[in-house]
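**Q** So that we are looking at the same thing, I have put the structure below in structure tokens.
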Amino acid sequence: MPVSNVVLVTIDSLRYDRSLRSDRDVDPAPTLSELAEKGFSFENAFANGPNTPSSFPTLLTGTYPAMYGGYRYLDERRPFLSETLQNAGMRTVGYHSNPHLGPEKNFNHGFDTFNDGSEDDDDARTIKNVVDEHVPSDSWLYSILRRVWHYLTLTTDTSAYAPATEITNQAIDWLETNWDGKSPYFMWLHYMDVHYPFTPPDRFFEDIGADPLSTRRTADLNGRMQENPESLTAEDDADLLTLYDAEIRYMDHNLNRLLEALEAQDAREDTAIVVTADHGEAFGEHGRYGHHPYNYDELVHVPLVFDVPGREGRRIDQQVSLIDVPPTLYDLLGVETPAAVQGHSLKPLMDGDEREEGVVICTASGGEMLATRTPEWKLLWDREQDTVELYHLVDDPGETVDVSGENHEVVERFRNLLEDHIAEARATDTDLPDVEESDEVKQRLEDLGYVD
């Protein structure tokens with residue numbers, strides 16, 4: 001059966017091992033798991049960066065983050081997935097609320113309809129603005145007032161992002177009011193609920209077999225995760241993961257609503273559904289929380305599922321990365337892949353073919369933090385400090401023992417590969433426009449934990 005439409009669902013901060021692992025007592029993502037069972041689930045899929053700014057350029061253009069002057073702004077020489085499909089005659093629709101992905105950075109390029117969730121400041125944020133402007137950040141009063149702000153956001157229905165229900169409602173509304181039932185479309189939906197701060201609705205704790213945390217406890221954990229992670233105990237980590245899993249369950253509930261809406265519109269039978277994440281989240285692994293610039297697997301191992309009409313799927317263990325998503329969609333749709341695309345279609349793997357194991361390249365901190373990954377080895381290179389870490393993933397999947405000192409040839413091989421990557425990026429270098437972030441965007445980023 002031919003593919004006419006594509007719905008690309010991206011979930012911010014969703015780890016593979018908290019969403020598609022089969023050994024969990026309670027599955028927090030039953031809808032996603034069902035898609036993985038009937039579709040093509042890539043068990044070893046890796047983001048090309050450990051955070052939103054470094055990952056999304058690959059996912060939405062099929063080019064590495066460091067190309068075309070870097071990823072602080074998406075240069076129009078990149079082969080945008082949205083623009084390519086728009087030029088092929090598809091209607092293009094995007095709904096999200098991540099301030100990293102706004103028009104000022106050109107993420108709206110190629111979309112007929114694009115809503116990034118911008119809205120005016122509310123009272124709770126106004127209170128927080130006053131605190132941030134007038135209270136020293138290293139004072140005890142600042143910590144207390146910040147905790148008050150977290151509490152207010154939980155008790156006044158305030159959020160740093162549009163909740164999954166709102167994103168799903170926008171998608172359903174577009175299908176019901178703007179789609180004629182025939183015109184091919186590409187829809188991108190980005191859910192933020194699994195991203196800090198974790199404030200899931202109470203009903204979804206029960207679905208994962210847990211008791212809801214109190215508002216005070218939730219506010220305290222969110223606050224300390226960002227401001228004082230050294231104070232977190234093993235009990236705190238367990239409660240944070242409960243919050244995280246409940247957010248996954250809430251997101252999954254809305255994924256199910258979306259699929260039901262597609263069924264109701266008779267849009268499912270010729271629509272490819274793709275679900276993935278831009279990166280994961282750290283909960284104390286390697287001594288860090290959130291999504292720092294280190295390309296460890298807790299941040300780059302993500303789910304990747306393709307539900308393709310008329311195709312019986314299977315689990316695929318081959319290592320792949322998110323840069324492969326755009327060329328795969330072109331292949332499924334029968335659209336010519338732009339020459340500048342650097343990823344490789346996954347359709348041959350879906351067809352049962354084999355391909356040579358490649359090397360995943362990850363980028364962070366504007367290109368200063370790089371990594372290579374194969375099924376056997378992971379190399380982390382801090383270019384600014386000129387330090388490396390090497391992990392033998394077969395023996396050490398948790399990346400706990402740096403073996404760079406005993407494997408100089410392996411280090412040299414991957415360093416040379418990254419040097420070639422840097423040279424290739426420099427060959428496409430260009431002057432990017434200055435990005436002027438509004439005060440609202442800056443505030444939304446800070447509310448999401450992006451603090452300098």
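Letters A, B, ... mark the chains of the structure tokens in the order given; residue numbers begin at 1 per chain; ligand numbers begin at 1, in order shown.
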Which residues are near Pro309 of chain A? Cut-off 12 Å, only C-alpha atoms, ignore same chain within fewer than 6 positions. Put them as a VMD selection string.

**A** chain A and resid 1 to 6 35 38 to 40 267 to 274 332 to 333

**Q** Could you pull out the residues in segment 178-298 of chain A that DSSP calls strand (DSSP E) from the backbone, as a ChimeraX atom specification?

**A** /A:185-191,271-277,282-283,289-290

**Q** Smallest atom-to-atom distance to Thr168 of chain A: which of A:Asp27, A:Glu376, A:Glu424, A:Glu260, using only C-alpha atoms?

**A**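 The shortest atom-to-atom distance to Thr168 of chain A comes from A:Glu260.
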
**Q** Which neighbours of segment 314-321 of chain A fall inside 10 Å, counting only C-alpha atoms, when residues of the same chain fewer than 3 positions from it are skipped, and could you give them as a PyMOL selection string?

**A** chain A and resi 36-48+58-59+300-302+304-306+311+324-325+343-346+349-350+352+354-362+373-375

**Q** Residues as selected, N, CA and C atoms, written as a compact mmCIF listing (two decimals), in the first residue's frame, can you do that?

**A**
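Dumped to again29.txt:
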```
# COMPACT_ATOMS: atom_id res chain seq x y z
N ALA A 36 5.40 -0.24 18.19
CA ALA A 36 6.69 -0.91 17.99
C ALA A 36 6.50 -2.38 17.65
N GLU A 37 5.47 -3.01 18.21
CA GLU A 37 5.22 -4.42 17.96
C GLU A 37 4.73 -4.65 16.53
N LYS A 38 3.89 -3.76 16.04
CA LYS A 38 3.34 -3.96 14.69
C LYS A 38 4.15 -3.26 13.62
N GLY A 39 4.95 -2.28 14.00
CA GLY A 39 5.74 -1.55 13.03
C GLY A 39 7.21 -1.93 13.07
N PHE A 40 8.03 -1.06 12.52
CA PHE A 40 9.48 -1.27 12.53
C PHE A 40 10.08 -0.49 13.69
N SER A 41 10.63 -1.21 14.65
CA SER A 41 11.22 -0.59 15.84
C SER A 41 12.73 -0.75 15.78
N PHE A 42 13.42 0.36 15.69
CA PHE A 42 14.88 0.36 15.65
C PHE A 42 15.40 0.43 17.08
N GLU A 43 15.89 -0.72 17.54
CA GLU A 43 16.26 -0.86 18.95
C GLU A 43 17.55 -0.13 19.31
N ASN A 44 18.35 0.17 18.33
CA ASN A 44 19.62 0.87 18.57
C ASN A 44 19.67 2.13 17.70
N ALA A 45 18.76 3.05 18.02
CA ALA A 45 18.69 4.34 17.32
C ALA A 45 19.27 5.40 18.24
N PHE A 46 20.06 6.29 17.65
CA PHE A 46 20.76 7.30 18.45
C PHE A 46 20.58 8.68 17.86
N ALA A 47 20.29 9.63 18.77
CA ALA A 47 20.22 11.03 18.36
C ALA A 47 21.62 11.51 18.01
N ASN A 48 21.68 12.55 17.19
CA ASN A 48 22.99 13.11 16.79
C ASN A 48 23.42 14.26 17.68
N THR A 58 19.46 17.64 12.50
CA THR A 58 19.58 16.40 11.75
C THR A 58 18.20 15.80 11.47
N LEU A 59 17.34 15.84 12.46
CA LEU A 59 16.03 15.20 12.35
C LEU A 59 15.15 15.89 11.31
N VAL A 300 21.51 9.96 24.37
CA VAL A 300 21.43 9.82 22.90
C VAL A 300 20.74 8.55 22.42
N HIS A 301 20.49 7.57 23.30
CA HIS A 301 19.77 6.36 22.89
C HIS A 301 18.27 6.66 23.00
N VAL A 302 17.59 6.64 21.85
CA VAL A 302 16.18 7.06 21.81
C VAL A 302 15.35 6.02 21.09
N LEU A 304 12.84 4.77 18.18
CA LEU A 304 12.56 5.14 16.79
C LEU A 304 11.66 4.07 16.19
N VAL A 305 10.43 4.44 15.90
CA VAL A 305 9.42 3.49 15.42
C VAL A 305 8.78 4.04 14.14
N PHE A 306 8.70 3.19 13.12
CA PHE A 306 7.98 3.51 11.88
C PHE A 306 6.80 2.56 11.75
N ARG A 311 2.59 -2.70 5.69
CA ARG A 311 3.84 -3.41 5.94
C ARG A 311 3.81 -4.04 7.33
N ASP A 324 19.03 9.61 9.66
CA ASP A 324 18.47 8.70 8.66
C ASP A 324 16.96 8.86 8.46
N VAL A 325 16.31 9.63 9.32
CA VAL A 325 14.84 9.74 9.24
C VAL A 325 14.39 10.45 7.96
N GLY A 343 22.15 11.60 5.65
CA GLY A 343 21.71 10.34 6.21
C GLY A 343 21.44 9.31 5.12
N HIS A 344 21.08 8.11 5.53
CA HIS A 344 20.80 7.02 4.60
C HIS A 344 19.44 6.41 4.92
N SER A 345 18.68 6.12 3.87
CA SER A 345 17.35 5.57 4.07
C SER A 345 17.40 4.24 4.83
N LEU A 346 16.44 4.09 5.72
CA LEU A 346 16.30 2.86 6.49
C LEU A 346 15.37 1.86 5.80
N LEU A 349 16.70 -1.63 5.20
CA LEU A 349 16.68 -2.46 6.41
C LEU A 349 15.27 -2.99 6.68
N MET A 350 14.27 -2.15 6.43
CA MET A 350 12.89 -2.62 6.59
C MET A 350 12.58 -3.74 5.61
N GLY A 352 14.57 -5.99 4.71
CA GLY A 352 15.32 -7.19 5.05
C GLY A 352 16.74 -7.21 4.57
N GLU A 354 20.76 -5.96 4.43
CA GLU A 354 21.75 -5.62 5.44
C GLU A 354 22.59 -4.45 4.94
N ARG A 355 23.16 -3.70 5.85
CA ARG A 355 24.08 -2.65 5.45
C ARG A 355 25.24 -2.64 6.43
N GLU A 356 26.33 -2.12 5.99
CA GLU A 356 27.52 -2.08 6.83
C GLU A 356 27.26 -1.21 8.05
N GLU A 357 27.74 -1.66 9.21
CA GLU A 357 27.57 -0.88 10.43
C GLU A 357 28.28 0.46 10.27
N GLY A 358 27.54 1.53 10.47
CA GLY A 358 28.12 2.86 10.36
C GLY A 358 28.55 3.39 11.71
N VAL A 359 29.00 4.63 11.69
CA VAL A 359 29.43 5.33 12.90
C VAL A 359 28.48 6.49 13.14
N VAL A 360 27.86 6.53 14.30
CA VAL A 360 27.01 7.65 14.66
C VAL A 360 27.89 8.78 15.17
N ILE A 361 27.67 9.99 14.66
CA ILE A 361 28.40 11.17 15.11
C ILE A 361 27.44 12.05 15.89
N CYS A 362 27.85 12.45 17.09
CA CYS A 362 27.04 13.30 17.96
C CYS A 362 27.77 14.61 18.22
N ARG A 373 30.05 6.75 17.85
CA ARG A 373 29.53 5.53 18.47
C ARG A 373 29.39 4.45 17.42
N THR A 374 29.88 3.27 17.75
CA THR A 374 29.63 2.05 17.00
C THR A 374 29.04 1.05 17.98
N PRO A 375 28.57 -0.10 17.53
CA PRO A 375 28.07 -1.08 18.50
C PRO A 375 29.13 -1.51 19.51
```

**Q** Quick one: everything within 9 Å of Gln342 of chain A, counting only C-alpha atoms, minus sequence neighbours fewer than 3 positions away in the same chain. Send it as a list in words.

**A** Thr58, Gly62, Thr63, Tyr64, Ile323, Asp324, Pro327 and Ala339 of chain A

**Q** Hey, what's within 6 Å of Gly49 of chain A if we count only C-alpha atoms and toss same-chain stuff fewer than 6 positions away? As a PyMOL selection string, please?

**A** chain A and resi 55+362-364

**Q** Those selected residues, please, written with C-alpha atoms and delivered as a PDB file, in the first residue's frame.

**A**
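For reference, selection.pdb as written:
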```
ATOM      1  CA  SER A  55      19.590  17.096  17.623  1.00  0.00           C
ATOM      2  CA  CYS A 362      27.038  13.299  17.957  1.00  0.00           C
ATOM      3  CA  THR A 363      27.568  17.008  18.496  1.00  0.00           C
ATOM      4  CA  ALA A 364      27.034  19.401  21.400  1.00  0.00           C
TER       5      ALA A 364
END
```

**Q** Taking only C-alpha atoms into account, which of A:Ala427, A:Met187, A:Leu74, A:Leu14 comes nearest Glu104 of chain A?

**A**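 Between A:Ala427, A:Met187, A:Leu74, A:Leu14, the residue approaching Glu104 of chain A most closely is A:Leu74.
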
**Q** Between atom CA of Leu379 of chain A and atom CA of Leu81 of chain A, what is the distance, to one decimal in Å?

**A**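 Atom CA of Leu379 of chain A sits 29.6 Å away from atom CA of Leu81 of chain A.
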
**Q** Would you mind listing what lies within 8 Å of Glu281 of chain A as an MDAnalysis selection string, with only C-alpha atoms counted and same-chain residues fewer than 6 positions away left out?

**A** chainID A and resid 13:15 289:291 298:299

**Q** Would you export the selected residues with N, CA and C atoms as a PDB file, in the first residue's frame, please?

**A**
```
ATOM      1  N   SER A  13      13.065  14.587  25.280  1.00  0.00           N
ATOM      2  CA  SER A  13      13.701  13.998  26.475  1.00  0.00           C
ATOM      3  C   SER A  13      13.295  12.560  26.767  1.00  0.00           C
ATOM      4  N   LEU A  14      12.792  11.834  25.786  1.00  0.00           N
ATOM      5  CA  LEU A  14      12.327  10.462  26.031  1.00  0.00           C
ATOM      6  C   LEU A  14      13.445   9.453  25.825  1.00  0.00           C
ATOM      7  N   ARG A  15      13.840   8.795  26.906  1.00  0.00           N
ATOM      8  CA  ARG A  15      14.872   7.761  26.864  1.00  0.00           C
ATOM      9  C   ARG A  15      14.304   6.466  26.289  1.00  0.00           C
ATOM     10  N   TYR A 289      22.363  15.469  35.898  1.00  0.00           N
ATOM     11  CA  TYR A 289      20.917  15.422  35.703  1.00  0.00           C
ATOM     12  C   TYR A 289      20.538  16.301  34.509  1.00  0.00           C
ATOM     13  N   GLY A 290      19.362  16.018  33.944  1.00  0.00           N
ATOM     14  CA  GLY A 290      18.889  16.810  32.820  1.00  0.00           C
ATOM     15  C   GLY A 290      19.537  16.360  31.528  1.00  0.00           C
ATOM     16  N   HIS A 291      19.783  17.303  30.615  1.00  0.00           N
ATOM     17  CA  HIS A 291      20.483  16.953  29.382  1.00  0.00           C
ATOM     18  C   HIS A 291      21.651  17.917  29.186  1.00  0.00           C
ATOM     19  N   GLU A 298      22.512   7.592  27.963  1.00  0.00           N
ATOM     20  CA  GLU A 298      21.256   7.995  28.592  1.00  0.00           C
ATOM     21  C   GLU A 298      20.666   9.232  27.911  1.00  0.00           C
ATOM     22  N   LEU A 299      21.509   9.939  27.154  1.00  0.00           N
ATOM     23  CA  LEU A 299      21.048  11.135  26.450  1.00  0.00           C
ATOM     24  C   LEU A 299      20.882  10.941  24.950  1.00  0.00           C
TER      25      LEU A 299
END
```

**Q** Name the residues of segment 360-411 of chain A that come out as alpha helix (DSSP H) in a backbone DSSP run; write them as a list in words.

**A**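 Taking segment 360-411 of chain A and keeping alpha helix (DSSP H) only, one gets His408, Glu409, Val410 and Val411 of chain A.
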
**Q** Which residues of segment 166-281 of chain A sit at most 9 Å from segment 17-25 of chain A, using only C-alpha atoms? Give each one's shortest atom pair and distance in Å (one decimal place), in chain and ascending residue order, as CSV.

**A**
```
residue,atom,partner,partner_atom,distance
A:Ile208,CA,A:Asp25,CA,9.0
A:Tyr244,CA,A:Arg18,CA,8.9
A:Asp245,CA,A:Arg18,CA,7.3
A:Ile248,CA,A:Ser19,CA,7.5
```

**Q** Mind dumping the selected residues with C-alpha atoms as a PDB file, in the first residue's frame?

**A**
```pdb
ATOM      1  CA  ILE A 208       1.946   3.216  36.118  1.00  0.00           C
ATOM      2  CA  TYR A 244       9.103  11.085  34.530  1.00  0.00           C
ATOM      3  CA  ASP A 245       7.270   7.803  33.913  1.00  0.00           C
ATOM      4  CA  ILE A 248       5.523   9.349  29.592  1.00  0.00           C
TER       5      ILE A 248
END
```
